[in-house]
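Undergrad: Take a look at the following structure, please.
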Protein chains: 2
Amino acid sequence: MHPTAVSETAERLDSGIADLAGFRDPDRPGWTREVFSESYRASRDWTMRRMQDAGLEVSVDHAGNIVGRMAGRSSSAPAIVTGSHTDTVDGGGRFDGIVGVLGGIEAARLLRASGATLDRDLLVVDFLGEESNPFGLSCLGSRSAAGELTPGDLDRQDYRGVRLGQAYRDFGLDPDRLTDVPWARRPLHAFVELHIEQGPTLQQRGLPLGVVTAITGIERVIATFTGSADHAGTRAMDDRRDAMVAAAEAVLAVRAEGCGAPTHGVATATRVDSESRSPNVVPSLVRMQSEIRSVDSTWLSGVRGRLSQEIAAKAGEHGVDVEFDWSTDNEIVHAAQSVQDVVASSADALGIPWMPIPSGATHDAVHMASLAPMGMIFIPSKDGKSHCPEEWSETADIALGVDALVQTITTLDGR
Amino acid sequence: MHPTAVSETAERLDSGIADLAGFRDPDRPGWTREVFSESYRASRDWTMRRMQDAGLEVSVDHAGNIVGRMAGRSSSAPAIVTGSHTDTVDGGGRFDGIVGVLGGIEAARLLRASGATLDRDLLVVDFLGEESNPFGLSCLGSRSAAGELTPGDLDRQDYRGVRLGQAYRDFGLDPDRLTDVPWARRPLHAFVELHIEQGPTLQQRGLPLGVVTAITGIERVIATFTGSADHAGTRAMDDRRDAMVAAAEAVLAVRAEGCGAPTHGVATATRVDSESRSPNVVPSLVRMQSEIRSVDSTWLSGVRGRLSQEIAAKAGEHGVDVEFDWSTDNEIVHAAQSVQDVVASSADALGIPWMPIPSGATHDAVHMASLAPMGMIFIPSKDGKSHCPEEWSETADIALGVDALVQTITTLDGR
């Protein structure tokens, strides 16, 4: 690859990230561009033009995914798919998802510029609404592509009472045609997603690339503690049933569980709420919300039992009752070994140092894994910051990720 | 005293409590009759009629306190004052405060029925708005009587932005005349308040009466914990600055401080709030609200230093910063030894078993103590419940309290 080309790629990545960041909700902090918003709608026109500029044939499927196609020699051969998303969380940053869409477009442009023609079609996808939203369902586009969006999901309501199906309609998409998203009918060769790490590991190890081994499973729990609402001035300490004390013990139990986890196992109490707002009543009804993540299925499958027992035992010491509402947000999804191997050997061929790394966040790749062998390429996040305005990745690292993606696509094409 | 009179007193207490309970906000739980509300306004007319029925000469002072006067032989002699309040907390009960007002009226009626005339005037007072309110200032009436309500207090706003001064005006009281509340200009002989214990001690000891030794001091603190908002899926456990974990340690530190307190020292974390509502972010900004009470000034005066140090040390272990906003809600107020002695000897004379007891809740008596030697008489609360619909005291116990109050007033009158 010529130094000029590298530099041009970096410049286009830079200007593309800056241009997309311009599409933001002016009333919200950071770079906010939520699914179904006006800023998101406007940004998608920009993204389609960007794909067209790179020579891609652009279409939007019934699920709202923007697909840029670079035709291969055999349009009947299973295609290679890359991409990510361009929506953000409220108060989010400029790189999460965006790097995978712009990087995919740049990879196609570089492949085209090199004069080579792939045997297979290359599809660069900007998946609709990957981030969590007020309907409580993330990965809308990739979920639809995998045929995993149900009619029941479309009945979900946001806090204003608007149903998800209506939000699709208001955005110009027909929710009745979501069952007619043709991805599953078309055999795919592989899916590779370029993404920022969203954690500090690559930066801490001084490595520019991560080959993702698996995407975390997520267990969520809401624990409800019920004690006794007594006067905080008159009820003796040894005669209380204090739900806040039981919840505090639970927060520490969740942390202890995470600290005892295998590598990259994490456990976080994200919220504590007390029903009473009175400054002089012993709290009698407190809820704690927590999530536990790991790519170790043995550990993660045992977490419900271990934590429920520990939390209930501590609550019992304080005379407090506790009820648990557990849910599995994501099952653990492993990257295909074949794709991991191609990404790793591509990095080696380019002299890019890398490490195998699990993903602690979820991605569109989770759903695409049901359609094709899946792999992910991570690049470093400055200080591991993500979902915040400070989110940052160096252009040079993104460009190295694009190089690895180009090499990976090329190698996969020949298999 | 004749059995008939006792029975009549019990019947009047019963029917009075039931009548007052009828004045309640129909939109709120329990027996809600908050200061400045329509139900409160209506109930006060009932209370004034009740005083008139007992032969008291009724007036309302500029602070909104209802005063029922039973004239003594010498109107220039310092008067004896008894009474409490008839407002309730949101979702409150039928006895807190009410027992002291109705009990005071019954005491006056019994004194009058006995044919005795006191040397001194007896004033039975229903103090305006004793309970905490949306303006954040309790004991409005007794505070005014003691000249402790400031112009700045009248500027306090509730959650709708209404100022306390305007609330007085809307209730038919002139806030500009609050400086003209004549209590402080009239020498008082003693103040005695009959009240429910609001705690379980008397019931647990099987005693019908408590002679209050002191009213608790209250220290309040809002601790603000600042950590780092990282992705809960990607940030390793040993690389976090989790404000929720630090707050949980603080909740347990507050409890430990209370458990290490002298008799009747209590410490309660009443509320924990997290700024972030995201289910996948490590909490970075969490506030904990706590209160600590005791009648032991040595212990209470050291609590700020001890707890601040303990909480900051624990937070530091988690890399979390903490700031404290301490305030003294109430200084410890001791009952006058002279009044305690009269109450105790009155109970002994009537054969009523009693114990000395500190008050863990605050009362109008705190403010009246600056105008006259102060004492309080406690009667048992069922299961120690208060500020809730289940609040309950037996009529027989209330009647015994009224007997002790009559004897106390009679004895004080002769001193």
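Identifiers in this document derive from the order of the structure tokens: chains are assigned A, B, ..., residues are numbered from 1 separately in each chain, and ligands are numbered from 1 in order of occurrence.
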So that I can see what lies close to Leu164 (chain A), please list as a list of chain:residue names the residues with an atom at most 8 Å from it, counting only C-alpha atoms and leaving out residues fewer than 3 positions away in the same chain.

TA: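 Those residues are A:Phe135, A:Asp153, A:Leu154, A:Asp155, A:Arg156, A:Gln157, A:Asp158, A:Ala167, A:Tyr168.
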
Undergrad: For Ser290 (chain B), work out the shell of residues within 6 Å, counting only C-alpha atoms and skipping chain neighbours fewer than 2 positions away, then give it as a count of residues only.

TA: 5

Undergrad: With a cut-off of 6 Å and counting only C-alpha atoms, select all residues of chain A in contact with chain B and give the selection as an NGL selection string.

TA: :A and (199 or 233-235 or 237 or 248 or 259 or 270 or 279 or 283 or 360-361)

Undergrad: Please produce a file of those selected residues containing all heavy atoms, as a JSON list (two decimals), in the first residue's frame.

TA:
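Below is the file part05.json, written as the result:
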[["chain", "number", "residue", "atom", "x", "y", "z"],
["A", 199, "GLY", "N", -13.04, -0.35, 26.15],
["A", 199, "GLY", "CA", -12.41, -0.67, 27.42],
["A", 199, "GLY", "C", -10.94, -0.28, 27.33],
["A", 199, "GLY", "O", -10.47, 0.15, 26.26],
["A", 233, "GLY", "N", -35.93, 8.10, 64.32],
["A", 233, "GLY", "CA", -35.45, 8.67, 65.57],
["A", 233, "GLY", "C", -35.76, 7.83, 66.79],
["A", 233, "GLY", "O", -35.09, 7.94, 67.81],
["A", 234, "THR", "N", -36.75, 6.95, 66.67],
["A", 234, "THR", "CA", -37.24, 6.27, 67.87],
["A", 234, "THR", "C", -37.03, 4.75, 67.84],
["A", 234, "THR", "O", -37.20, 4.10, 68.86],
["A", 234, "THR", "CB", -38.75, 6.52, 68.05],
["A", 234, "THR", "OG1", -39.43, 6.05, 66.87],
["A", 234, "THR", "CG2", -39.03, 8.00, 68.23],
["A", 235, "ARG", "N", -36.71, 4.19, 66.68],
["A", 235, "ARG", "CA", -36.57, 2.74, 66.58],
["A", 235, "ARG", "C", -35.11, 2.37, 66.84],
["A", 235, "ARG", "O", -34.21, 2.82, 66.11],
["A", 235, "ARG", "CB", -37.01, 2.29, 65.19],
["A", 235, "ARG", "CG", -36.89, 0.80, 64.91],
["A", 235, "ARG", "CD", -37.82, -0.07, 65.74],
["A", 235, "ARG", "NE", -39.21, 0.28, 65.57],
["A", 235, "ARG", "CZ", -40.24, -0.49, 65.94],
["A", 235, "ARG", "NH1", -40.02, -1.69, 66.47],
["A", 235, "ARG", "NH2", -41.47, -0.07, 65.79],
["A", 237, "MET", "N", -31.49, 0.52, 67.02],
["A", 237, "MET", "CA", -30.72, -0.07, 65.93],
["A", 237, "MET", "C", -30.92, -1.58, 65.85],
["A", 237, "MET", "O", -30.97, -2.15, 64.76],
["A", 237, "MET", "CB", -29.22, 0.24, 66.11],
["A", 237, "MET", "CG", -28.85, 1.71, 66.08],
["A", 237, "MET", "SD", -29.39, 2.60, 64.58],
["A", 237, "MET", "CE", -28.34, 1.86, 63.33],
["A", 248, "ALA", "N", -27.39, -2.14, 50.57],
["A", 248, "ALA", "CA", -25.97, -1.79, 50.58],
["A", 248, "ALA", "C", -25.11, -3.05, 50.66],
["A", 248, "ALA", "O", -24.09, -3.18, 49.96],
["A", 248, "ALA", "CB", -25.67, -0.86, 51.76],
["A", 259, "CYS", "N", -15.35, -9.30, 41.45],
["A", 259, "CYS", "CA", -13.91, -9.38, 41.74],
["A", 259, "CYS", "C", -13.44, -10.83, 41.77],
["A", 259, "CYS", "O", -12.27, -11.11, 41.55],
["A", 259, "CYS", "CB", -13.60, -8.70, 43.07],
["A", 259, "CYS", "SG", -13.78, -6.90, 42.99],
["A", 270, "THR", "N", -25.87, -0.94, 39.26],
["A", 270, "THR", "CA", -25.93, 0.32, 38.51],
["A", 270, "THR", "C", -26.92, 1.31, 39.10],
["A", 270, "THR", "O", -26.86, 2.49, 38.79],
["A", 270, "THR", "CB", -26.33, 0.05, 37.05],
["A", 270, "THR", "OG1", -27.52, -0.73, 37.03],
["A", 270, "THR", "CG2", -25.23, -0.70, 36.33],
["A", 279, "PRO", "N", -37.02, 12.08, 55.15],
["A", 279, "PRO", "CA", -35.69, 12.10, 55.75],
["A", 279, "PRO", "C", -35.64, 11.48, 57.14],
["A", 279, "PRO", "O", -34.59, 11.41, 57.73],
["A", 279, "PRO", "CB", -35.38, 13.60, 55.83],
["A", 279, "PRO", "CG", -36.71, 14.25, 55.96],
["A", 279, "PRO", "CD", -37.68, 13.39, 55.19],
["A", 283, "PRO", "N", -35.74, 3.17, 55.77],
["A", 283, "PRO", "CA", -36.21, 2.72, 54.45],
["A", 283, "PRO", "C", -36.79, 1.31, 54.51],
["A", 283, "PRO", "O", -36.17, 0.40, 55.06],
["A", 283, "PRO", "CB", -34.95, 2.77, 53.59],
["A", 283, "PRO", "CG", -34.07, 3.77, 54.25],
["A", 283, "PRO", "CD", -34.33, 3.59, 55.73],
["A", 360, "GLY", "N", -16.64, -7.06, 26.24],
["A", 360, "GLY", "CA", -17.51, -6.88, 27.40],
["A", 360, "GLY", "C", -18.80, -6.15, 27.04],
["A", 360, "GLY", "O", -19.72, -6.08, 27.85],
["A", 361, "ALA", "N", -18.85, -5.59, 25.84],
["A", 361, "ALA", "CA", -20.06, -4.93, 25.36],
["A", 361, "ALA", "C", -20.70, -5.81, 24.29],
["A", 361, "ALA", "O", -20.05, -6.69, 23.73],
["A", 361, "ALA", "CB", -19.72, -3.56, 24.78]]

Undergrad: What is the distance, in Å and to one decimal place, between CA of Leu350 (chain A) and CA of Asp403 (chain A)?

TA: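 Atom-to-atom, CA of Leu350 (chain A) and CA of Asp403 (chain A) are spaced 8.0 Å apart.
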
Undergrad: Excluding Gly16 (chain B) and residues on its chain fewer than 5 positions from it, collect all residues at most 10 Å away from it, counting only C-alpha atoms, and give them as a PyMOL selection string.

TA: chain B and resi 10-11+21-22+46-47+50+98-99+102-103

Undergrad: For N, CA, C and O atoms, I'd like the residues from the last selection saved as a JSON list (two decimals), in the first residue's frame.

TA:
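Result went into selection09.json, see below:
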[["chain", "number", "residue", "atom", "x", "y", "z"],
["B", 10, "ALA", "N", -62.45, 8.77, 78.74],
["B", 10, "ALA", "CA", -62.03, 7.80, 77.71],
["B", 10, "ALA", "C", -62.95, 7.89, 76.50],
["B", 10, "ALA", "O", -62.48, 7.87, 75.36],
["B", 11, "GLU", "N", -64.25, 8.01, 76.77],
["B", 11, "GLU", "CA", -65.19, 8.08, 75.64],
["B", 11, "GLU", "C", -64.97, 9.34, 74.81],
["B", 11, "GLU", "O", -65.02, 9.30, 73.58],
["B", 21, "ALA", "N", -59.91, 12.32, 62.94],
["B", 21, "ALA", "CA", -59.44, 11.46, 61.85],
["B", 21, "ALA", "C", -60.32, 11.61, 60.62],
["B", 21, "ALA", "O", -59.89, 11.34, 59.49],
["B", 22, "GLY", "N", -61.57, 12.08, 60.83],
["B", 22, "GLY", "CA", -62.46, 12.30, 59.69],
["B", 22, "GLY", "C", -62.03, 13.45, 58.81],
["B", 22, "GLY", "O", -62.40, 13.51, 57.64],
["B", 46, "TRP", "N", -63.17, 22.47, 64.17],
["B", 46, "TRP", "CA", -63.62, 21.43, 65.09],
["B", 46, "TRP", "C", -62.87, 21.54, 66.42],
["B", 46, "TRP", "O", -63.46, 21.45, 67.50],
["B", 47, "THR", "N", -61.55, 21.73, 66.33],
["B", 47, "THR", "CA", -60.72, 21.80, 67.55],
["B", 47, "THR", "C", -61.13, 22.99, 68.42],
["B", 47, "THR", "O", -61.22, 22.89, 69.65],
["B", 50, "ARG", "N", -64.27, 22.20, 70.16],
["B", 50, "ARG", "CA", -63.98, 21.25, 71.25],
["B", 50, "ARG", "C", -63.44, 21.99, 72.48],
["B", 50, "ARG", "O", -63.79, 21.64, 73.62],
["B", 98, "ILE", "N", -52.05, 14.71, 68.24],
["B", 98, "ILE", "CA", -53.48, 14.80, 68.55],
["B", 98, "ILE", "C", -53.75, 14.45, 70.01],
["B", 98, "ILE", "O", -54.57, 15.10, 70.68],
["B", 99, "VAL", "N", -53.06, 13.42, 70.51],
["B", 99, "VAL", "CA", -53.22, 12.99, 71.90],
["B", 99, "VAL", "C", -52.90, 14.13, 72.87],
["B", 99, "VAL", "O", -53.56, 14.30, 73.90],
["B", 102, "LEU", "N", -55.95, 16.90, 72.41],
["B", 102, "LEU", "CA", -57.20, 16.41, 73.02],
["B", 102, "LEU", "C", -56.99, 16.11, 74.50],
["B", 102, "LEU", "O", -57.89, 16.36, 75.32],
["B", 103, "GLY", "N", -55.83, 15.59, 74.85],
["B", 103, "GLY", "CA", -55.51, 15.29, 76.25],
["B", 103, "GLY", "C", -55.46, 16.56, 77.08],
["B", 103, "GLY", "O", -55.93, 16.59, 78.24]]

Undergrad: I'd like the interatomic distance between CA of Asp25 (chain A) and CA of Ser39 (chain A), to a tenth of an Å.

TA: 6.0 Å

Undergrad: Contacts of Val181 (chain A) at 8 Å or less, counting only C-alpha atoms, minus same-chain residues fewer than 3 places along, as a list of chain:residue names?

TA: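 So, after excluding close chain neighbours, the residues are A:Asp61, A:His62, A:Ala63, A:Ser144, A:Ala145, A:Gly147, A:Arg177, A:Leu178, A:Ala184.
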
Undergrad: Calculated over only C-alpha atoms, which of the candidates B:Arg41, B:Arg69, B:Arg112, B:Arg49 has the smallest distance to Asp87 (chain B)?

TA: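 Counting only C-alpha atoms, the residue closest to Asp87 (chain B) is B:Arg41.
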
Undergrad: Calculate how many Å separate CA of Pro187 (chain B) from CA of Arg143 (chain B), rounding to one decimal.

TA: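 Between CA of Pro187 (chain B) and CA of Arg143 (chain B) the gap is 16.7 Å.
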
Undergrad: I want to know what sits within 9 Å of Ala399 (chain B), based on only C-alpha atoms, with residues of the same chain fewer than 2 positions away left out; could you give that as a PyMOL selection string?

TA: chain B and resi 6-7+9-10+13+103+394-397+401-404

Undergrad: Identify all residues of region 279-411 of chain A in helix (DSSP H, G or I) (DSSP on the backbone) and supply them as JSON, numbers by chain.

TA: {"A": [297, 298, 299, 300, 301, 302, 303, 304, 305, 306, 307, 308, 309, 310, 311, 312, 313, 314, 315, 316, 317, 337, 338, 339, 340, 341, 342, 343, 344, 345, 346, 347, 348, 349, 350, 365, 366, 367, 368, 382, 383, 384, 395, 396, 397, 398, 399, 400, 401, 402, 403, 404, 405, 406, 407, 408, 409, 410, 411]}

Undergrad: Name the residues in contact with Ile80 (chain B) at a cut-off of 8 Å, using only C-alpha atoms, excluding same-chain residues fewer than 4 positions from it; report them as a PyMOL selection string.

TA: chain B and resi 120-123+188-191+409+412-413

Undergrad: Pull the strand (DSSP E or B) assignments for region 36-258 of chain B out of DSSP run on the backbone, and list those residues as an NGL selection string.

TA: :B and (57-60 or 66-70 or 79-85 or 122-127 or 157 or 163 or 188-196 or 209-215 or 217-226 or 231)
